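Contents: one structure, followed by commentary.
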Amino acid sequence: MRPWLLVPVLLAIAPPAYAADQADAGAPAVLHLTQSAERRITRDLLHVDMRAEGKGTDPRAVEAGINRLMAKGLADAKQVPGIEVSNGGYNVYRDNAASDWTGSQSLFLSGTDSGALLALAGTLQADGLVMSNLTYEVAPATVRGAENILTAEALSGLGQRAAAISQQLHLAVLGYRNLTVGNAETQGGPTPRFAAAALATSMPAPVAAAGEGTVRVTVSADVLLGAKKP
């Protein structure tokens with residue numbers, strides 16, 4: 001009698017296992033894709049870092065000289081429209097190994113009119129300020145202006161790639177989930193390229209080549225793939 005009692009138990013277990021297999025067979029495959037779109041854009045924002053320096057045995061005299069240089073530099077910079085001007089750190093110190101005091105203060109300039117800014121830099125050099133750095137970058141406004149176009153290109157590329165992969169697998173794209181769209185960003189830091197002449201009565205302006213920067217937008221998504229509809 002015991003073998004007959006086992007039959008109903010086996011029949012009760014079999015249907016749920018069969019249903020689970022059917023659900024797994026119909027579940028969509030998940031394909032994770034990342035796609036970028038980029039373009040080269042001329043760096044259109046110029047940054048020039050200048051500094052006023054002083055050195056001597058009397059710290060007050062060193063500070064006075066720095067103050068005069070900086071006052072003249074600020075006055076000249078404010079005469080040029082469209083140039084953003086700000087000051088950096090002010091530092092006066094004495095080296096234990098020497099009797100002289102050394103000091104400096106920074107002056108930061110930036111603008112999209114590179115011709116006017118380079119001419120101003122030459123004037124400031126003639127006034128006695130020293131150039132610390134000169135770099136170009138893609139202006140934030142320019143990056144934002146390219147963002148929508150690059151986003152559309154990246155999304156289109158992601159869709160085309162998903163379609164191509166699904167076709168190779170003999171499947172269809174059922175939908176997307178976990179879609180992420182990044183903001184436009186520039187790739188790589190600005191590379192300074194400049195030449196500045198030595199201090200002279202008639203100081204020529206430094207020359208610079210802006211070059212190009214890469215602006216990129218990256219998108220990613222989980223693509224759901226399943227059997228093609230008949």
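Ordering of the structure tokens sets the chain letters (A, B, ...), residue numbers begin anew at 1 in every chain, and ligands are numbered from 1 in the order given.
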Mind checking which residues fall within 6 Å of stretch 38-48 of chain A, counting only C-alpha atoms, ignoring those fewer than 5 positions away in the same chain, and posting them as an NGL selection string? :A and (109-112 or 133-139 or 210-216)
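Residues of stretch 67-101 of chain A assigned to helix (DSSP H, G or I) by DSSP on this structure's backbone: A:Asn67, A:Arg68, A:Leu69, A:Met70, A:Ala71, A:Lys72, A:Gly73, A:Leu74, A:Ala75, A:Asp76, A:Ala77.
Nearest residue to A:Arg161, choosing from A:Leu74, A:Ala119, A:Ala221, A:Ala29 and counting only C-alpha atoms: A:Ala221.
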Quick check for you: according to DSSP on this backbone, which residues of chain A are classed as strand (DSSP E)? Reply as a PyMOL selection string. chain A and resi 29-42+45-56+84-94+101-111+130-137+172-181+185-187+194-195+207-208+212-226
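Rounded to one decimal, atom CA of A:Thr186 and atom CA of A:Ala77 lie 28.6 Å from each other.
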